[in-house]
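Here is the file data.pdb (PDB, C-alpha atoms).
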```pdb
MODEL        1
ATOM      1  CA  LEU A 173     -14.463 -71.391  38.609
ATOM      2  CA  ALA A 174     -13.511 -68.961  41.321
ATOM      3  CA  LYS A 175     -10.091 -67.418  40.715
ATOM      4  CA  THR A 176      -7.877 -66.658  43.675
ATOM      5  CA  THR A 177      -5.260 -63.964  44.133
ATOM      6  CA  GLN A 178      -2.570 -64.083  46.814
ATOM      7  CA  PRO A 179       0.663 -62.205  47.478
ATOM      8  CA  ILE A 180       3.538 -63.871  45.644
ATOM      9  CA  SER A 181       5.839 -63.913  48.660
ATOM     10  CA  MET A 182       6.115 -62.911  52.309
ATOM     11  CA  ASP A 183       8.946 -62.799  54.808
ATOM     12  CA  SER A 184       8.641 -63.226  58.556
ATOM     13  CA  TYR A 185      10.720 -63.980  61.642
ATOM     14  CA  GLU A 186      10.456 -66.895  64.001
ATOM     15  CA  GLY A 187       7.844 -66.405  66.710
ATOM     16  CA  GLN A 188       5.787 -63.874  64.767
ATOM     17  CA  GLU A 189       2.193 -64.273  63.637
ATOM     18  CA  VAL A 190       1.796 -64.423  59.866
ATOM     19  CA  ASN A 191      -1.387 -63.489  58.040
ATOM     20  CA  ILE A 192      -1.793 -64.412  54.363
ATOM     21  CA  THR A 193      -4.799 -62.973  52.571
ATOM     22  CA  CYS A 194      -6.488 -64.508  49.554
ATOM     23  CA  SER A 195      -8.909 -62.671  47.280
ATOM     24  CA  HIS A 196     -11.732 -64.637  45.633
ATOM     25  CA  ASN A 197     -14.228 -62.087  44.351
ATOM     26  CA  ASN A 198     -16.404 -64.500  42.351
ATOM     27  CA  ILE A 199     -16.785 -67.192  45.001
ATOM     28  CA  ALA A 200     -20.000 -69.213  44.555
ATOM     29  CA  THR A 201     -22.606 -69.833  47.234
ATOM     30  CA  ASN A 202     -21.651 -73.494  47.669
ATOM     31  CA  ASP A 203     -17.886 -72.924  47.614
ATOM     32  CA  TYR A 204     -15.645 -73.629  50.591
ATOM     33  CA  ILE A 205     -12.219 -72.059  51.086
ATOM     34  CA  THR A 206      -9.345 -74.456  51.672
ATOM     35  CA  TRP A 207      -5.688 -73.736  52.382
ATOM     36  CA  TYR A 208      -2.816 -76.066  51.592
ATOM     37  CA  GLN A 209       0.867 -76.006  52.519
ATOM     38  CA  GLN A 210       3.549 -77.365  50.223
ATOM     39  CA  PHE A 211       7.210 -78.042  50.893
ATOM     40  CA  PRO A 212       9.667 -78.539  48.004
ATOM     41  CA  SER A 213       9.324 -81.892  46.243
ATOM     42  CA  GLN A 214       6.296 -82.892  48.336
ATOM     43  CA  GLY A 215       2.584 -82.902  47.666
ATOM     44  CA  PRO A 216       0.399 -80.134  49.101
ATOM     45  CA  ARG A 217      -0.899 -80.798  52.606
ATOM     46  CA  PHE A 218      -4.324 -79.738  53.880
ATOM     47  CA  ILE A 219      -4.153 -77.019  56.552
ATOM     48  CA  ILE A 220      -7.653 -75.698  57.145
ATOM     49  CA  GLN A 221     -11.041 -75.250  55.513
ATOM     50  CA  GLY A 222     -13.938 -72.897  56.146
ATOM     51  CA  TYR A 223     -17.159 -71.495  54.756
ATOM     52  CA  LYS A 224     -17.722 -68.319  56.772
ATOM     53  CA  THR A 225     -16.647 -66.465  59.940
ATOM     54  CA  LYS A 226     -13.713 -68.041  61.772
ATOM     55  CA  VAL A 227     -12.302 -71.536  61.891
ATOM     56  CA  THR A 228      -9.443 -72.612  64.137
ATOM     57  CA  ASN A 229      -7.504 -75.833  64.415
ATOM     58  CA  GLU A 230      -4.257 -76.854  66.066
ATOM     59  CA  VAL A 231      -2.048 -75.250  63.419
ATOM     60  CA  ALA A 232      -3.907 -72.237  61.980
ATOM     61  CA  SER A 233      -6.935 -69.974  61.968
ATOM     62  CA  LEU A 234      -8.996 -68.952  58.970
ATOM     63  CA  PHE A 235     -10.905 -65.676  58.959
ATOM     64  CA  ILE A 236     -13.660 -65.170  56.394
ATOM     65  CA  PRO A 237     -15.622 -61.886  56.258
ATOM     66  CA  ALA A 238     -19.364 -61.808  55.731
ATOM     67  CA  ASP A 239     -19.117 -61.136  51.973
ATOM     68  CA  ARG A 240     -16.724 -64.104  51.571
ATOM     69  CA  LYS A 241     -14.796 -62.316  48.839
ATOM     70  CA  SER A 242     -11.540 -62.802  50.699
ATOM     71  CA  SER A 243     -10.054 -64.943  53.439
ATOM     72  CA  THR A 244      -7.045 -64.718  55.715
ATOM     73  CA  LEU A 245      -4.914 -67.614  56.883
ATOM     74  CA  SER A 246      -3.299 -66.866  60.221
ATOM     75  CA  LEU A 247      -0.270 -68.854  61.381
ATOM     76  CA  PRO A 248       0.558 -68.148  65.048
ATOM     77  CA  ARG A 249       4.196 -68.005  66.162
ATOM     78  CA  VAL A 250       5.813 -69.326  62.983
ATOM     79  CA  SER A 251       9.007 -71.344  63.036
ATOM     80  CA  LEU A 252      11.662 -72.010  60.402
ATOM     81  CA  SER A 253       9.807 -75.192  59.444
ATOM     82  CA  ASP A 254       6.810 -73.126  58.315
ATOM     83  CA  THR A 255       8.832 -71.910  55.328
ATOM     84  CA  ALA A 256       6.725 -73.233  52.439
ATOM     85  CA  VAL A 257       4.291 -72.265  49.711
ATOM     86  CA  TYR A 258       0.706 -71.698  50.831
ATOM     87  CA  TYR A 259      -2.180 -72.134  48.401
ATOM     88  CA  CYS A 260      -5.726 -70.874  48.772
ATOM     89  CA  LEU A 261      -8.308 -72.933  46.867
ATOM     90  CA  VAL A 262     -11.983 -72.240  46.402
ATOM     91  CA  GLY A 263     -14.493 -74.932  45.456
ATOM     92  CA  ASP A 264     -17.258 -77.140  46.720
ATOM     93  CA  ARG A 265     -16.790 -79.185  49.857
ATOM     94  CA  THR A 266     -15.030 -82.044  48.141
ATOM     95  CA  GLY A 267     -12.488 -79.661  46.663
ATOM     96  CA  GLY A 268     -14.324 -79.762  43.367
ATOM     97  CA  PHE A 269     -13.256 -81.903  40.481
ATOM     98  CA  LYS A 270     -11.729 -78.997  38.644
ATOM     99  CA  THR A 271     -10.354 -76.855  41.427
ATOM    100  CA  ILE A 272      -7.504 -74.829  40.014
ATOM    101  CA  PHE A 273      -4.466 -73.845  42.039
ATOM    102  CA  GLY A 274      -3.533 -70.162  42.061
ATOM    103  CA  ALA A 275       0.066 -69.005  42.147
ATOM    104  CA  GLY A 276       0.362 -69.453  45.920
ATOM    105  CA  THR A 277       2.289 -67.434  48.511
ATOM    106  CA  ARG A 278       5.913 -68.288  49.183
ATOM    107  CA  LEU A 279       6.500 -67.728  52.922
ATOM    108  CA  PHE A 280      10.084 -67.448  54.117
ATOM    109  CA  VAL A 281      10.634 -67.543  57.876
ATOM    110  CA  LYS A 282      13.945 -66.182  59.100
ATOM    111  CA  ALA A 283      15.730 -66.821  62.398
TER     112      ALA A 283
ATOM    113  CA  ASP B 168      -4.927 -95.431  56.299
ATOM    114  CA  THR B 169      -4.984 -91.727  55.407
ATOM    115  CA  GLU B 170      -2.280 -91.691  52.774
ATOM    116  CA  VAL B 171      -1.885 -91.551  49.035
ATOM    117  CA  THR B 172       1.138 -93.625  48.013
ATOM    118  CA  GLN B 173       2.981 -92.902  44.793
ATOM    119  CA  THR B 174       5.650 -95.049  43.197
ATOM    120  CA  PRO B 175       8.326 -94.670  42.111
ATOM    121  CA  LYS B 176       9.571 -91.577  43.937
ATOM    122  CA  HIS B 177      12.091 -90.831  41.201
ATOM    123  CA  LEU B 178      12.146 -91.873  37.552
ATOM    124  CA  VAL B 179      14.600 -91.155  34.764
ATOM    125  CA  MET B 180      13.497 -92.213  31.300
ATOM    126  CA  GLY B 181      14.627 -91.771  27.746
ATOM    127  CA  MET B 182      12.425 -90.233  25.101
ATOM    128  CA  THR B 183      11.759 -93.638  23.498
ATOM    129  CA  ASN B 184      10.934 -95.448  26.753
ATOM    130  CA  LYS B 185       7.587 -96.576  28.093
ATOM    131  CA  LYS B 186       7.082 -96.275  31.834
ATOM    132  CA  SER B 187       4.202 -96.050  34.304
ATOM    133  CA  LEU B 188       3.523 -94.081  37.455
ATOM    134  CA  LYS B 189       1.398 -95.694  40.131
ATOM    135  CA  CYS B 190      -0.859 -94.183  42.773
ATOM    136  CA  GLU B 191      -2.748 -96.021  45.519
ATOM    137  CA  GLN B 192      -5.160 -94.963  48.256
ATOM    138  CA  HIS B 193      -7.293 -96.894  50.735
ATOM    139  CA  MET B 194      -9.436 -94.096  52.123
ATOM    140  CA  GLY B 195     -12.530 -95.022  50.131
ATOM    141  CA  HIS B 196     -12.154 -91.937  47.962
ATOM    142  CA  ARG B 197     -13.895 -92.320  44.598
ATOM    143  CA  ALA B 198     -12.279 -89.326  42.871
ATOM    144  CA  MET B 199      -8.617 -89.467  41.875
ATOM    145  CA  TYR B 200      -6.465 -86.913  40.138
ATOM    146  CA  TRP B 201      -3.180 -86.464  38.328
ATOM    147  CA  TYR B 202      -1.387 -83.128  38.568
ATOM    148  CA  LYS B 203       1.850 -81.965  36.969
ATOM    149  CA  GLN B 204       4.045 -79.454  38.762
ATOM    150  CA  LYS B 205       7.036 -77.625  37.307
ATOM    151  CA  ALA B 206       9.591 -75.940  39.556
ATOM    152  CA  LYS B 207       8.268 -72.854  41.370
ATOM    153  CA  LYS B 208       4.844 -73.217  39.729
ATOM    154  CA  PRO B 209       1.501 -74.367  41.157
ATOM    155  CA  PRO B 210       0.205 -77.861  40.392
ATOM    156  CA  GLU B 211      -1.614 -78.096  37.054
ATOM    157  CA  LEU B 212      -4.558 -80.450  36.730
ATOM    158  CA  MET B 213      -4.137 -83.169  34.090
ATOM    159  CA  PHE B 214      -6.829 -85.809  34.626
ATOM    160  CA  VAL B 215      -9.724 -86.563  36.960
ATOM    161  CA  TYR B 216     -11.340 -89.941  37.503
ATOM    162  CA  SER B 217     -14.692 -90.217  39.228
ATOM    163  CA  TYR B 218     -15.977 -93.677  40.150
ATOM    164  CA  GLU B 219     -13.230 -95.185  37.980
ATOM    165  CA  LYS B 220     -14.344 -93.270  34.883
ATOM    166  CA  LEU B 221     -12.366 -90.485  33.252
ATOM    167  CA  SER B 222     -14.338 -87.301  33.845
ATOM    168  CA  ILE B 223     -11.823 -84.581  33.018
ATOM    169  CA  ASN B 224      -8.898 -84.494  30.587
ATOM    170  CA  GLU B 225      -7.313 -81.056  30.539
ATOM    171  CA  SER B 226      -6.194 -81.370  26.907
ATOM    172  CA  VAL B 227      -3.200 -83.446  27.919
ATOM    173  CA  PRO B 228      -1.046 -84.827  25.045
ATOM    174  CA  SER B 229      -1.694 -88.465  24.168
ATOM    175  CA  ARG B 230       1.816 -89.456  25.266
ATOM    176  CA  PHE B 231       0.257 -89.403  28.758
ATOM    177  CA  SER B 232      -2.331 -92.150  29.191
ATOM    178  CA  PRO B 233      -4.217 -92.491  32.487
ATOM    179  CA  GLU B 234      -5.823 -95.653  33.758
ATOM    180  CA  CYS B 235      -7.975 -96.395  36.793
ATOM    181  CA  PRO B 236      -8.156-100.205  37.144
ATOM    182  CA  ASN B 237     -10.113-100.101  40.417
ATOM    183  CA  SER B 238     -11.279 -97.667  43.088
ATOM    184  CA  SER B 239      -7.917 -97.715  44.894
ATOM    185  CA  LEU B 240      -5.463 -97.505  42.023
ATOM    186  CA  LEU B 241      -4.569 -94.856  39.481
ATOM    187  CA  ASN B 242      -1.854 -95.259  36.873
ATOM    188  CA  LEU B 243      -0.259 -92.837  34.444
ATOM    189  CA  HIS B 244       1.343 -94.509  31.435
ATOM    190  CA  LEU B 245       4.131 -92.575  29.765
ATOM    191  CA  HIS B 246       5.391 -93.021  26.209
ATOM    192  CA  ALA B 247       7.617 -90.966  23.936
ATOM    193  CA  LEU B 248       7.930 -88.107  26.383
ATOM    194  CA  GLN B 249       9.862 -84.917  25.755
ATOM    195  CA  PRO B 250      12.436 -83.282  28.030
ATOM    196  CA  GLU B 251       9.927 -80.521  28.793
ATOM    197  CA  ASP B 252       7.701 -83.168  30.415
ATOM    198  CA  SER B 253      10.209 -83.411  33.251
ATOM    199  CA  ALA B 254       8.329 -82.386  36.401
ATOM    200  CA  LEU B 255       6.890 -83.554  39.711
ATOM    201  CA  TYR B 256       3.786 -85.645  39.057
ATOM    202  CA  LEU B 257       1.302 -85.576  41.893
ATOM    203  CA  CYS B 258      -1.602 -87.895  42.545
ATOM    204  CA  ALA B 259      -4.497 -86.847  44.761
ATOM    205  CA  SER B 260      -7.786 -88.289  45.908
ATOM    206  CA  SER B 261     -11.002 -86.946  47.417
ATOM    207  CA  HIS B 262     -14.565 -87.906  48.144
ATOM    208  CA  ALA B 263     -16.649 -87.707  45.006
ATOM    209  CA  THR B 264     -19.884 -86.460  46.544
ATOM    210  CA  ALA B 265     -20.841 -83.077  47.871
ATOM    211  CA  ARG B 266     -21.280 -84.586  51.339
ATOM    212  CA  GLY B 267     -17.673 -85.673  51.640
ATOM    213  CA  PRO B 268     -15.233 -84.228  54.161
ATOM    214  CA  TYR B 269     -12.380 -81.958  53.520
ATOM    215  CA  GLY B 270     -10.550 -81.485  50.240
ATOM    216  CA  TYR B 271      -7.782 -83.408  48.614
ATOM    217  CA  THR B 272      -5.208 -85.806  49.976
ATOM    218  CA  PHE B 273      -2.023 -85.647  47.934
ATOM    219  CA  GLY B 274       0.766 -88.135  47.499
ATOM    220  CA  SER B 275       4.416 -87.130  47.750
ATOM    221  CA  GLY B 276       4.812 -87.236  44.003
ATOM    222  CA  THR B 277       7.074 -88.833  41.416
ATOM    223  CA  ARG B 278      10.015 -86.729  40.268
ATOM    224  CA  LEU B 279      10.268 -87.490  36.535
ATOM    225  CA  THR B 280      13.296 -86.624  34.429
ATOM    226  CA  VAL B 281      13.164 -87.193  30.667
ATOM    227  CA  VAL B 282      16.572 -87.413  29.001
TER     228      VAL B 282
ENDMDL
END
```
Let's see the structure in the file written out as structure tokens.
Amino acid sequence: LAKTTQPISMDSYEGQEVNITCSHNNIATNDYITWYQQFPSQGPRFIIQGYKTKVTNEVASLFIPADRKSSTLSLPRVSLSDTAVYYCLVGDRTGGFKTIFGAGTRLFVKA
Amino acid sequence: DTEVTQTPKHLVMGMTNKKSLKCEQHMGHRAMYWYKQKAKKPPELMFVYSYEKLSINESVPSRFSPECPNSSLLNLHLHALQPEDSALYLCASSHATARGPYGYTFGSGTRLTVV
């Protein structure tokens, strides 16, 4: 199972771009990288998924270098409501039956 | 329907009680999961069902008993719990084949307090 390492916490201000990097040195060939957002007392919510290069959707971008040993979640122009914990998961395309959550990154957005 | 519904949202139970948590999804997902989450910690995997059969049990104590009566329902039966079992219990579902789309869909969880 690929282990992930993320910063424990980050602070930002409203309107700024936030980049959260995840390290996954032993990622397998078939593994995808998926990011989830979790608010207190709620279940994690899917944000974005990618395999290589860059993926963009309406809420975030995901940058994956050629060696795939890390990935960066980019949140453009964050707002107070983006304050949450962000998890990077690595596994096969279904999420993998035994995908393990890392510690996550606690993002705090200030006014 | 793109949701995983968990009931109840909150549950308080005594250490001698028997209670059940329920999870339901109608997305055609054939893999379903129970996670336990303590405050300020990541979710911890407890059980995985694939095609209604238990495929993973992460050495969970027998006071937690999962059940998957059909492809849409997942239950977690609770008996003789301890106060340290108090946590947010999350249910999730996903496609069970490598060709499925993206990741897990989580429910909002059941906040369990054991007194």
Closest to Thr280 (chain B) among B:Ser239, B:Ser253, B:Ser260, B:Gln173, using all atoms listed in the file?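 Using all atoms listed in the file, the shortest distance to Thr280 (chain B) belongs to B:Ser253.
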Could you give me, as a PDB file with C-alpha atoms, keeping the file's coordinate frame, the residues within 9 Å of Val171 (chain B), counting all atoms listed in the file and dropping anything in the same chain fewer than 2 positions from it?
```
ATOM      1  CA  ASP B 168      -4.927 -95.431  56.299  1.00  0.00           C
ATOM      2  CA  THR B 169      -4.984 -91.727  55.407  1.00  0.00           C
ATOM      3  CA  GLN B 173       2.981 -92.902  44.793  1.00  0.00           C
ATOM      4  CA  CYS B 190      -0.859 -94.183  42.773  1.00  0.00           C
ATOM      5  CA  GLU B 191      -2.748 -96.021  45.519  1.00  0.00           C
ATOM      6  CA  GLN B 192      -5.160 -94.963  48.256  1.00  0.00           C
ATOM      7  CA  HIS B 193      -7.293 -96.894  50.735  1.00  0.00           C
ATOM      8  CA  MET B 194      -9.436 -94.096  52.123  1.00  0.00           C
ATOM      9  CA  CYS B 258      -1.602 -87.895  42.545  1.00  0.00           C
ATOM     10  CA  ALA B 259      -4.497 -86.847  44.761  1.00  0.00           C
ATOM     11  CA  SER B 260      -7.786 -88.289  45.908  1.00  0.00           C
ATOM     12  CA  THR B 272      -5.208 -85.806  49.976  1.00  0.00           C
ATOM     13  CA  PHE B 273      -2.023 -85.647  47.934  1.00  0.00           C
ATOM     14  CA  GLY B 274       0.766 -88.135  47.499  1.00  0.00           C
ATOM     15  CA  SER B 275       4.416 -87.130  47.750  1.00  0.00           C
TER      16      SER B 275
END
```
Kindly indicate which residue among B:Ala254, B:Leu221, B:Leu245, B:Val215 lies nearest to chain A, using all atoms listed in the file for the distances.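 Distance minimum relative to chain A lands on B:Val215.
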Write out as an NGL selection string every residue belonging to chain A that has an atom at most 12 Å from any atom of chain B, counting all atoms listed in the file. :A and (180-181 or 202-223 or 256-278)
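A straight line drawn from CA of Thr177 (chain A) to CA of Lys205 (chain B) is 19.6 Å long.
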Residues within 9 Å of Asn237 (chain B), all atoms listed in the file, excluding chain neighbours under 2 positions, as a PyMOL selection string: chain B and resi 218-219+235+239-241
Kindly save the residues from that selection, with C-alpha atoms included, as a PDB file, keeping the file's coordinate frame.
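Generated file (part_9.pdb):
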```pdb
ATOM      1  CA  TYR B 218     -15.977 -93.677  40.150  1.00  0.00           C
ATOM      2  CA  GLU B 219     -13.230 -95.185  37.980  1.00  0.00           C
ATOM      3  CA  CYS B 235      -7.975 -96.395  36.793  1.00  0.00           C
ATOM      4  CA  SER B 239      -7.917 -97.715  44.894  1.00  0.00           C
ATOM      5  CA  LEU B 240      -5.463 -97.505  42.023  1.00  0.00           C
ATOM      6  CA  LEU B 241      -4.569 -94.856  39.481  1.00  0.00           C
TER       7      LEU B 241
END
```
Might you spell out which residues the PyMOL selection byres ((chain A and resi 190) around 10) would select in the displayed file, as a tab-separated table (two decimals) with C-alpha atoms, in the coordinates of the input?
```
chain	number	residue	atom	x	y	z
A	182	MET	CA	6.12	-62.91	52.31
A	183	ASP	CA	8.95	-62.80	54.81
A	184	SER	CA	8.64	-63.23	58.56
A	185	TYR	CA	10.72	-63.98	61.64
A	186	GLU	CA	10.46	-66.90	64.00
A	187	GLY	CA	7.84	-66.40	66.71
A	188	GLN	CA	5.79	-63.87	64.77
A	189	GLU	CA	2.19	-64.27	63.64
A	191	ASN	CA	-1.39	-63.49	58.04
A	192	ILE	CA	-1.79	-64.41	54.36
A	193	THR	CA	-4.80	-62.97	52.57
A	232	ALA	CA	-3.91	-72.24	61.98
A	244	THR	CA	-7.04	-64.72	55.72
A	245	LEU	CA	-4.91	-67.61	56.88
A	246	SER	CA	-3.30	-66.87	60.22
A	247	LEU	CA	-0.27	-68.85	61.38
A	248	PRO	CA	0.56	-68.15	65.05
A	249	ARG	CA	4.20	-68.00	66.16
A	250	VAL	CA	5.81	-69.33	62.98
A	279	LEU	CA	6.50	-67.73	52.92
A	281	VAL	CA	10.63	-67.54	57.88
```
Given the file shown, determine the residues that the PyMOL selection byres ((chain A and resi 225) around 6) selects; report them as an MDAnalysis selection string. chainID A and resid 224 226 235:237
I'd like the interatomic distance between CA of His177 (chain B) and CA of Ser226 (chain B), to a tenth of an Å.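 That distance, rounded to one decimal, is 25.1 Å.
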To one decimal place in Å, what is the distance between CA of Asn184 (chain B) and CA of Ala247 (chain B)?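 One can read the CA of Asn184 (chain B) to CA of Ala247 (chain B) distance as 6.2 Å.
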